[in-house]
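Asks: Provided below: final_11.pdb, containing PDB, C-alpha atoms and all ligand atoms.
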ATOM      1  CA  MET A   1     155.641 -36.332 -98.132
ATOM      2  CA  GLU A   2     158.330 -38.845 -98.997
ATOM      3  CA  LYS A   3     156.281 -41.876 -97.957
ATOM      4  CA  LEU A   4     153.393 -40.833-100.174
ATOM      5  CA  LYS A   5     155.748 -40.352-103.125
ATOM      6  CA  GLN A   6     157.056 -43.847-102.590
ATOM      7  CA  ARG A   7     153.568 -45.343-102.482
ATOM      8  CA  ILE A   8     152.617 -43.488-105.664
ATOM      9  CA  ALA A   9     155.769 -44.741-107.387
ATOM     10  CA  GLU A  10     155.002 -48.314-106.318
ATOM     11  CA  GLU A  11     151.230 -48.425-106.735
ATOM     12  CA  GLY A  12     150.385 -45.819-109.371
ATOM     13  CA  VAL A  13     149.525 -47.180-112.803
ATOM     14  CA  ILE A  14     150.289 -45.030-115.827
ATOM     15  CA  VAL A  15     147.265 -45.003-118.111
ATOM     16  CA  SER A  16     148.525 -42.417-120.591
ATOM     17  CA  GLU A  17     150.902 -39.452-120.643
ATOM     18  CA  GLN A  18     148.124 -37.458-118.931
ATOM     19  CA  VAL A  19     146.552 -39.889-116.477
ATOM     20  CA  LEU A  20     147.965 -41.827-113.543
ATOM     21  CA  LYS A  21     145.624 -44.364-112.033
ATOM     22  CA  LEU A  22     145.735 -44.120-108.246
ATOM     23  CA  ASP A  23     142.961 -46.520-107.317
ATOM     24  CA  ALA A  24     145.159 -48.285-104.750
ATOM     25  CA  LEU A  25     145.563 -45.091-102.709
ATOM     26  CA  LEU A  26     142.963 -42.473-103.551
ATOM     27  CA  ASN A  27     140.245 -43.420-105.999
ATOM     28  CA  HIS A  28     139.061 -46.873-104.998
ATOM     29  CA  GLN A  29     140.959 -48.099-101.951
ATOM     30  CA  VAL A  30     141.981 -45.913 -99.029
ATOM     31  CA  ASP A  31     144.826 -46.543 -96.573
ATOM     32  CA  PRO A  32     143.495 -45.062 -93.324
ATOM     33  CA  GLU A  33     146.893 -44.579 -91.702
ATOM     34  CA  LEU A  34     148.435 -42.891 -94.736
ATOM     35  CA  THR A  35     145.296 -40.798 -95.237
ATOM     36  CA  MET A  36     145.413 -39.586 -91.622
ATOM     37  CA  GLU A  37     149.031 -38.558 -92.215
ATOM     38  CA  MET A  38     147.959 -36.532 -95.249
ATOM     39  CA  GLY A  39     145.326 -34.859 -93.079
ATOM     40  CA  LYS A  40     147.941 -34.079 -90.411
ATOM     41  CA  GLU A  41     150.199 -32.514 -93.015
ATOM     42  CA  PHE A  42     147.442 -30.281 -94.430
ATOM     43  CA  ALA A  43     146.368 -29.344 -90.904
ATOM     44  CA  ARG A  44     149.976 -28.410 -90.085
ATOM     45  CA  ARG A  45     150.266 -26.220 -93.187
ATOM     46  CA  PHE A  46     146.983 -24.379 -92.546
ATOM     47  CA  LYS A  47     146.888 -24.361 -88.746
ATOM     48  CA  GLU A  48     147.374 -20.565 -88.483
ATOM     49  CA  ASP A  49     144.485 -19.814 -90.844
ATOM     50  CA  ASN A  50     141.516 -20.173 -88.490
ATOM     51  CA  VAL A  51     139.738 -22.593 -90.803
ATOM     52  CA  THR A  52     136.066 -23.018 -89.878
ATOM     53  CA  ARG A  53     135.122 -25.634 -92.471
ATOM     54  CA  VAL A  54     136.927 -28.025 -94.769
ATOM     55  CA  VAL A  55     135.208 -28.416 -98.147
ATOM     56  CA  THR A  56     135.708 -31.014-100.880
ATOM     57  CA  VAL A  57     133.762 -32.405-103.828
ATOM     58  CA  GLU A  58     132.505 -35.980-103.705
ATOM     59  CA  SER A  59     133.789 -38.589-103.918
ATOM     60  CA  SER A  60     137.540 -39.204-103.885
ATOM     61  CA  GLY A  61     138.431 -36.123-101.882
ATOM     62  CA  ILE A  62     136.246 -37.079 -98.955
ATOM     63  CA  ALA A  63     138.668 -39.362 -97.093
ATOM     64  CA  VAL A  64     141.591 -36.926 -97.018
ATOM     65  CA  ALA A  65     139.253 -33.995 -96.382
ATOM     66  CA  PHE A  66     137.827 -35.899 -93.420
ATOM     67  CA  ALA A  67     141.335 -36.528 -92.060
ATOM     68  CA  THR A  68     142.177 -32.833 -92.424
ATOM     69  CA  ALA A  69     138.939 -31.673 -90.809
ATOM     70  CA  TYR A  70     139.461 -34.112 -87.950
ATOM     71  CA  GLU A  71     142.956 -32.742 -87.296
ATOM     72  CA  LEU A  72     141.729 -29.128 -87.461
ATOM     73  CA  GLY A  73     138.694 -29.916 -85.295
ATOM     74  CA  VAL A  74     136.187 -28.460 -87.761
ATOM     75  CA  PRO A  75     133.344 -29.908 -89.877
ATOM     76  CA  LEU A  76     133.830 -31.339 -93.333
ATOM     77  CA  VAL A  77     131.345 -30.385 -96.051
ATOM     78  CA  PHE A  78     131.412 -32.307 -99.294
ATOM     79  CA  ALA A  79     129.800 -30.740-102.325
ATOM     80  CA  ARG A  80     127.365 -33.095-104.008
ATOM     81  CA  ARG A  81     127.462 -33.831-107.706
ATOM     82  CA  LYS A  82     124.289 -34.012-109.735
ATOM     83  CA  LYS A  83     124.035 -34.977-113.380
ATOM     84  CA  THR A  84     120.763 -33.159-113.894
ATOM     85  CA  LEU A  85     119.898 -30.025-112.104
ATOM     86  CA  LEU A  86     116.468 -29.963-110.572
ATOM     87  CA  ALA A  87     115.957 -26.532-109.124
ATOM     88  CA  GLU A  88     116.752 -26.940-105.470
ATOM     89  CA  ASN A  89     116.046 -24.238-103.004
ATOM     90  CA  ASN A  90     118.845 -23.110-100.808
ATOM     91  CA  MET A  91     121.500 -24.779-102.960
ATOM     92  CA  LEU A  92     124.536 -23.046-104.403
ATOM     93  CA  CYS A  93     125.368 -24.604-107.728
ATOM     94  CA  GLU A  94     128.196 -24.440-110.280
ATOM     95  CA  ARG A  95     128.452 -26.300-113.553
ATOM     96  CA  VAL A  96     131.792 -28.103-113.916
ATOM     97  CA  PRO A  97     133.167 -29.666-117.081
ATOM     98  CA  SER A  98     135.402 -32.682-116.627
ATOM     99  CA  PHE A  99     138.118 -32.906-119.210
ATOM    100  CA  THR A 100     139.143 -36.414-118.166
ATOM    101  CA  LYS A 101     135.655 -37.860-118.033
ATOM    102  CA  GLY A 102     134.255 -35.821-120.925
ATOM    103  CA  ILE A 103     131.080 -34.949-119.030
ATOM    104  CA  VAL A 104     129.571 -31.952-117.326
ATOM    105  CA  THR A 105     128.261 -32.124-113.786
ATOM    106  CA  ASP A 106     126.749 -29.682-111.356
ATOM    107  CA  ILE A 107     128.310 -29.369-107.942
ATOM    108  CA  LEU A 108     126.083 -28.197-105.133
ATOM    109  CA  ILE A 109     126.450 -27.032-101.563
ATOM    110  CA  SER A 110     123.539 -26.137 -99.325
ATOM    111  CA  ARG A 111     123.515 -22.655 -97.816
ATOM    112  CA  ASP A 112     122.911 -24.462 -94.522
ATOM    113  CA  PHE A 113     126.537 -25.624 -94.525
ATOM    114  CA  ILE A 114     128.481 -22.628 -95.818
ATOM    115  CA  SER A 115     128.090 -18.965 -94.970
ATOM    116  CA  GLU A 116     129.781 -15.594 -95.317
ATOM    117  CA  ASN A 117     131.305 -16.099 -91.871
ATOM    118  CA  ASP A 118     133.260 -19.163 -92.948
ATOM    119  CA  ARG A 119     136.977 -19.510 -93.524
ATOM    120  CA  ILE A 120     137.147 -22.374 -95.995
ATOM    121  CA  LEU A 121     139.969 -24.803 -96.712
ATOM    122  CA  PHE A 122     139.370 -26.672 -99.967
ATOM    123  CA  ILE A 123     140.852 -30.185-100.057
ATOM    124  CA  ASP A 124     140.967 -32.550-103.022
ATOM    125  CA  ASP A 125     142.748 -35.683-104.173
ATOM    126  CA  ILE A 126     144.078 -34.688-107.597
ATOM    127  CA  ILE A 127     144.344 -31.502-109.572
ATOM    128  CA  ALA A 128     144.572 -31.728-113.347
ATOM    129  CA  ASN A 129     142.940 -28.876-115.238
ATOM    130  CA  GLY A 130     141.406 -27.493-112.086
ATOM    131  CA  ASP A 131     137.812 -27.408-113.232
ATOM    132  CA  ALA A 132     136.381 -28.908-110.053
ATOM    133  CA  ALA A 133     138.479 -26.545-107.934
ATOM    134  CA  ARG A 134     137.372 -23.535-109.976
ATOM    135  CA  GLY A 135     133.715 -24.483-109.535
ATOM    136  CA  LEU A 136     134.140 -24.877-105.826
ATOM    137  CA  ILE A 137     136.026 -21.580-105.549
ATOM    138  CA  LYS A 138     133.159 -19.807-107.344
ATOM    139  CA  ILE A 139     130.674 -21.175-104.825
ATOM    140  CA  VAL A 140     132.832 -19.995-101.925
ATOM    141  CA  GLN A 141     133.150 -16.544-103.488
ATOM    142  CA  ARG A 142     129.438 -16.275-104.267
ATOM    143  CA  VAL A 143     128.468 -16.974-100.684
ATOM    144  CA  GLY A 144     131.007 -14.396 -99.502
ATOM    145  CA  ALA A 145     133.085 -16.803 -97.447
ATOM    146  CA  GLU A 146     136.863 -16.490 -97.194
ATOM    147  CA  LEU A 147     138.906 -19.132 -99.019
ATOM    148  CA  VAL A 148     142.090 -19.592 -96.982
ATOM    149  CA  GLY A 149     143.594 -21.977 -99.516
ATOM    150  CA  ALA A 150     143.564 -25.322-101.250
ATOM    151  CA  GLY A 151     145.268 -28.541-100.212
ATOM    152  CA  ILE A 152     145.722 -31.092-102.975
ATOM    153  CA  VAL A 153     147.217 -34.568-102.516
ATOM    154  CA  VAL A 154     148.578 -34.951-106.057
ATOM    155  CA  GLU A 155     149.225 -32.005-108.360
ATOM    156  CA  LYS A 156     150.043 -32.828-111.968
ATOM    157  CA  THR A 157     152.212 -29.817-112.750
ATOM    158  CA  PHE A 158     152.215 -30.545-116.494
ATOM    159  CA  GLN A 159     148.529 -29.608-116.523
ATOM    160  CA  ALA A 160     147.359 -26.069-115.918
ATOM    161  CA  GLY A 161     145.039 -26.350-112.886
ATOM    162  CA  GLY A 162     147.411 -25.679-110.003
ATOM    163  CA  LYS A 163     149.198 -22.829-111.733
ATOM    164  CA  ALA A 164     145.942 -21.161-112.788
ATOM    165  CA  ILE A 165     144.610 -21.242-109.237
ATOM    166  CA  ARG A 166     147.831 -19.806-107.790
ATOM    167  CA  GLU A 167     147.633 -17.053-110.424
ATOM    168  CA  GLN A 168     144.239 -16.130-108.958
ATOM    169  CA  GLY A 169     146.152 -15.350-105.762
ATOM    170  CA  ILE A 170     144.957 -18.468-103.973
ATOM    171  CA  ARG A 171     147.383 -20.386-101.781
ATOM    172  CA  LEU A 172     147.585 -23.943-103.130
ATOM    173  CA  GLU A 173     149.576 -26.570-101.270
ATOM    174  CA  SER A 174     150.153 -29.972-102.829
ATOM    175  CA  LEU A 175     151.700 -32.953-101.046
ATOM    176  CA  VAL A 176     153.182 -34.519-104.174
ATOM    177  CA  GLN A 177     153.862 -32.920-107.530
ATOM    178  CA  ILE A 178     154.104 -34.983-110.677
ATOM    179  CA  GLY A 179     156.014 -33.256-113.451
ATOM    180  CA  SER A 180     155.591 -35.845-116.176
ATOM    181  CA  LEU A 181     154.217 -39.247-117.060
ATOM    182  CA  ALA A 182     156.119 -39.423-120.331
ATOM    183  CA  GLY A 183     158.082 -42.488-121.362
ATOM    184  CA  GLY A 184     156.053 -44.808-119.129
ATOM    185  CA  LYS A 185     157.687 -43.239-116.090
ATOM    186  CA  ILE A 186     156.434 -41.182-113.153
ATOM    187  CA  THR A 187     158.698 -38.153-112.807
ATOM    188  CA  PHE A 188     158.155 -36.119-109.662
ATOM    189  CA  ALA A 189     158.562 -32.349-109.808
ATOM    190  CA  GLU A 190     160.519 -30.168-107.266
TER
HETATM  191  P1  LIG B 201     140.181 -31.124-112.821
HETATM  192  O1  LIG B 201     139.043 -31.159-111.862
HETATM  193  O2  LIG B 201     141.497 -30.837-112.192
HETATM  194  O3  LIG B 201     139.914 -30.291-114.040
HETATM  195  O4  LIG B 201     140.309 -32.549-113.359
HETATM  196  P2  LIG B 201     139.563 -33.188-114.595
HETATM  197  O5  LIG B 201     138.244 -32.518-114.816
HETATM  198  O6  LIG B 201     140.554 -33.294-115.675
HETATM  199  O7  LIG B 201     139.351 -34.577-113.916
HETATM  200  C1  LIG B 201     138.106 -35.132-113.687
HETATM  201  C2  LIG B 201     138.253 -36.235-112.689
HETATM  202  O8  LIG B 201     139.358 -37.058-113.041
HETATM  203  C3  LIG B 201     138.517 -35.767-111.268
HETATM  204  O9  LIG B 201     137.920 -36.713-110.433
HETATM  205  C4  LIG B 201     140.022 -35.850-111.163
HETATM  206  O10 LIG B 201     140.433 -36.022-109.827
HETATM  207  C5  LIG B 201     140.297 -37.078-111.984
HETATM  208  N1  LIG B 201     141.644 -37.093-112.548
HETATM  209  C6  LIG B 201     142.246 -36.187-113.349
HETATM  210  N2  LIG B 201     143.478 -36.586-113.673
HETATM  211  C7  LIG B 201     143.666 -37.755-113.045
HETATM  212  C8  LIG B 201     144.756 -38.675-112.975
HETATM  213  O11 LIG B 201     145.832 -38.501-113.565
HETATM  214  N3  LIG B 201     144.553 -39.784-112.220
HETATM  215  C9  LIG B 201     143.398 -40.041-111.562
HETATM  216  N4  LIG B 201     143.322 -41.158-110.844
HETATM  217  N5  LIG B 201     142.343 -39.205-111.602
HETATM  218  C10 LIG B 201     142.498 -38.090-112.345
HETATM  219  P3  LIG B 201     136.468 -36.432-109.968
HETATM  220  O12 LIG B 201     135.587 -36.179-111.143
HETATM  221  O13 LIG B 201     136.558 -35.372-108.943
HETATM  222  O14 LIG B 201     135.955 -37.780-109.415
HETATM  223  P4  LIG B 201     136.178 -38.480-108.006
HETATM  224  O15 LIG B 201     137.479 -39.197-108.123
HETATM  225  O16 LIG B 201     136.217 -37.427-106.950
HETATM  226  O17 LIG B 201     134.994 -39.348-107.850
HETATM  227 NA    NA B 202     138.206 -35.419-106.508
HETATM  228 NA    NA B 203     139.367 -37.758-108.530
END
Could you rewrite the structure in this file as structure tokens?

Replies:
Amino acid sequence: MEKLKQRIAEEGVIVSEQVLKLDALLNHQVDPELTMEMGKEFARRFKEDNVTRVVTVESSGIAVAFATAYELGVPLVFARRKKTLLAENNMLCERVPSFTKGIVTDILISRDFISENDRILFIDDIIANGDAARGLIKIVQRVGAELVGAGIVVEKTFQAGGKAIREQGIRLESLVQIGSLAGGKITFAE
């Protein structure tokens, strides 16, 4: 998505060689029109896959996951994050470390909103090391649903997440790939 690349180039703020702040587009402010276009693009790429539910993890993935679910005409389920795990009946839970934030959280989805009959499309804003995605994938596998693929807005290809997930045989589609943040410069991959 050329327009998205342009917006990232203009509005992304390099925090370090690993981290690009995207608050203006993804993590604090949302542009509804641009977000709906992202949803259209994911829906186009996965339209043959008979998706029954779009799944993301709160919070920054929700807007683009909503746009995608709207375009596909299916529900969106967002996994909840909990810092402490109180035993909750009926909840599927995975513990997820966050490299960037240096914390561990539990992500949870109720069995009421995912089942073995589902064909799941996972959507998220950014993939770095892929820990959140891996946790979500484990939940989908444990419930016996089919994961048709993952749609990620920004893939940082200099970190291992995207590659590791593709190596598991999962189809991962990213809208923009960032190859490097070195030298105070955003270098796109492809
Ligand atoms: P991972 O899930 O790919 O392993 O990512 P990691 O644990 O490293 O990242 C933890 C959080 O930091 C994630 O947000 C992820 O989207 C975000 N993150 C990672 N790299 C970048 C980056 O370069 N720029 C920005 N803006 N965010 C980055 P989260 O915990 O899912 O929180 P939320 O944004 O959904 O609330
Ligand atoms: Na996210
Ligand atoms: Na995020």

Asks: Pull the neighbourhood of (134.2, -33.4, -102.1) for me: all residues within 8 Å in file coordinates, counting only C-alpha atoms, as a count of residues only.

Replies: 15

Asks: For stretch 175-183 of chain A, list every protein, DNA or RNA residue within 6 Å, evaluated using all atoms listed in the file, and leave out those in the same chain fewer than 3 positions away; present the list as a list in words.

Replies: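 Here the qualifying residues turn out to be Met1, Glu17, Val153, Val154, Glu155, Lys156, Thr157, Phe158, Ile186, Thr187, Phe188 and Ala189 of chain A.
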
Asks: With C-alpha atoms kept, could you save the residues just selected as a tab-separated table (two decimals), in the frame of the given file?

Replies:
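Wrote again19.tsv, looks like this:
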chain	number	residue	atom	x	y	z
A	1	MET	CA	155.64	-36.33	-98.13
A	17	GLU	CA	150.90	-39.45	-120.64
A	153	VAL	CA	147.22	-34.57	-102.52
A	154	VAL	CA	148.58	-34.95	-106.06
A	155	GLU	CA	149.22	-32.01	-108.36
A	156	LYS	CA	150.04	-32.83	-111.97
A	157	THR	CA	152.21	-29.82	-112.75
A	158	PHE	CA	152.22	-30.54	-116.49
A	186	ILE	CA	156.43	-41.18	-113.15
A	187	THR	CA	158.70	-38.15	-112.81
A	188	PHE	CA	158.16	-36.12	-109.66
A	189	ALA	CA	158.56	-32.35	-109.81

Asks: Hey, which of A:Gly12, A:Gly149, A:Gly73, A:Gly144 ends up closest to ligand LIG 201 (chain B)? Count all atoms listed in the file.

Replies: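 Smallest distance to ligand LIG 201 (chain B) is found for A:Gly12.
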
Asks: Which of these, A:Ser98, A:Gln29, A:Ser110, A:Thr68, has the shortest distance to ligand LIG 201 (chain B) once you count all atoms listed in the file?

Replies: A:Ser98

Asks: What box, with edges along x, y and z, holds each listed atom of ligand LIG 201 (chain B) when 4 Å is added on every side, and can you state its centre and edge lengths in Å to one decimal, as lines of an AutoDock Vina configuration file?

Replies:
center_x = 140.4
center_y = -35.7
center_z = -111.3
size_x = 18.8
size_y = 18.9
size_z = 16.7

Asks: When the PyMOL selection byres (((chain A and resi 130) around 12) and not hetatm) is applied to the file above, which residues end up in the set, as a tab-separated table (two decimals) with C-alpha atoms, keeping the file's coordinate frame?

Replies:
chain	number	residue	atom	x	y	z
A	96	VAL	CA	131.79	-28.10	-113.92
A	97	PRO	CA	133.17	-29.67	-117.08
A	98	SER	CA	135.40	-32.68	-116.63
A	99	PHE	CA	138.12	-32.91	-119.21
A	100	THR	CA	139.14	-36.41	-118.17
A	124	ASP	CA	140.97	-32.55	-103.02
A	125	ASP	CA	142.75	-35.68	-104.17
A	126	ILE	CA	144.08	-34.69	-107.60
A	127	ILE	CA	144.34	-31.50	-109.57
A	128	ALA	CA	144.57	-31.73	-113.35
A	129	ASN	CA	142.94	-28.88	-115.24
A	131	ASP	CA	137.81	-27.41	-113.23
A	132	ALA	CA	136.38	-28.91	-110.05
A	133	ALA	CA	138.48	-26.54	-107.93
A	134	ARG	CA	137.37	-23.54	-109.98
A	135	GLY	CA	133.72	-24.48	-109.54
A	136	LEU	CA	134.14	-24.88	-105.83
A	137	ILE	CA	136.03	-21.58	-105.55
A	150	ALA	CA	143.56	-25.32	-101.25
A	152	ILE	CA	145.72	-31.09	-102.98
A	154	VAL	CA	148.58	-34.95	-106.06
A	155	GLU	CA	149.22	-32.01	-108.36
A	156	LYS	CA	150.04	-32.83	-111.97
A	157	THR	CA	152.21	-29.82	-112.75
A	159	GLN	CA	148.53	-29.61	-116.52
A	160	ALA	CA	147.36	-26.07	-115.92
A	161	GLY	CA	145.04	-26.35	-112.89
A	162	GLY	CA	147.41	-25.68	-110.00
A	163	LYS	CA	149.20	-22.83	-111.73
A	164	ALA	CA	145.94	-21.16	-112.79
A	165	ILE	CA	144.61	-21.24	-109.24
A	166	ARG	CA	147.83	-19.81	-107.79
A	172	LEU	CA	147.58	-23.94	-103.13

Asks: Select, from A:Lys47, A:Arg81, A:Lys21, A:Arg171, the residue with the minimum atom-to-atom distance to ligand LIG 201 (chain B), counting all atoms listed in the file.

Replies: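 Closest to ligand LIG 201 (chain B) of all the choices is A:Lys21.
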
Asks: Let me make sure I understand: among A:Asn27, A:Leu147, A:Val104, A:Phe66, which one has the smallest atom-to-atom distance to ligand NA 202 (chain B) if we use only C-alpha atoms and all ligand atoms?

Replies: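 The answer is A:Asn27, which sits nearest to ligand NA 202 (chain B).
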
Asks: Just give me the gap between atom CA of A:Ala69 and atom CA of A:Met36 in Å, one decimal is fine.

Replies: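 Atom CA of A:Met36 lies 10.3 Å from atom CA of A:Ala69.
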
Asks: Name the residues captured by the PyMOL selection byres (((chain A and resi 24) around 10) and not hetatm) when it is applied to the shown file; answer as a ChimeraX atom specification.

Replies: /A:7-8,10-13,21-23,25-31

Asks: Between atom CA of A:Val19 and atom O16 of ligand LIG 201 (chain B), measure the distance and give it in Å to one decimal.

Replies: 14.3 Å

Asks: What is the atom CA of A:Lys40-atom CA of A:Ile139 distance in Å, reported with one decimal?

Replies: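 It comes out at 25.9 Å.
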
Asks: Using only C-alpha atoms, which residue out of A:Ile107, A:Arg119, A:Arg45, A:Arg95 lies closest to A:Pro75?

Replies: A:Arg119

Asks: Rank nothing, just name the residue among A:Glu190, A:Glu2, A:Asp106, A:Glu116 nearest to ligand LIG 201 (chain B), using only C-alpha atoms and all ligand atoms.

Replies: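 Closest candidate: A:Asp106.
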
Asks: Please enumerate the residues selected by the PyMOL selection byres (((chain A and resi 54) around 6) and not hetatm) when evaluated against the supplied file, formatted as JSON, numbers by chain.

Replies: {"A": [53, 55, 69, 76, 120, 121, 122]}

Asks: Please produce an output containing C-alpha atoms for each residue in the selection, written as a compact mmCIF listing (two decimals), in the coordinates of the input.

Replies:
# COMPACT_ATOMS: atom_id res chain seq x y z
CA ARG A 53 135.12 -25.63 -92.47
CA VAL A 55 135.21 -28.42 -98.15
CA ALA A 69 138.94 -31.67 -90.81
CA LEU A 76 133.83 -31.34 -93.33
CA ILE A 120 137.15 -22.37 -96.00
CA LEU A 121 139.97 -24.80 -96.71
CA PHE A 122 139.37 -26.67 -99.97

Asks: Would you pick out the contacts of A:Ala145 at 7 Å or less, using all atoms listed in the file, so that residues sharing its chain but fewer than 3 positions from it are not included, and give the list as an mmCIF file with C-alpha atoms, keeping the file's coordinate frame?

Replies:
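Output saved as part-v6.cif:
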data_model
loop_
_atom_site.group_PDB
_atom_site.id
_atom_site.type_symbol
_atom_site.label_atom_id
_atom_site.label_comp_id
_atom_site.auth_asym_id
_atom_site.auth_seq_id
_atom_site.Cartn_x
_atom_site.Cartn_y
_atom_site.Cartn_z
ATOM 1 C CA SER A 115 128.090 -18.965 -94.970
ATOM 2 C CA GLU A 116 129.781 -15.594 -95.317
ATOM 3 C CA ASN A 117 131.305 -16.099 -91.871
ATOM 4 C CA ASP A 118 133.260 -19.163 -92.948
ATOM 5 C CA ARG A 119 136.977 -19.510 -93.524
ATOM 6 C CA VAL A 140 132.832 -19.995 -101.925
ATOM 7 C CA GLN A 141 133.150 -16.544 -103.488
#
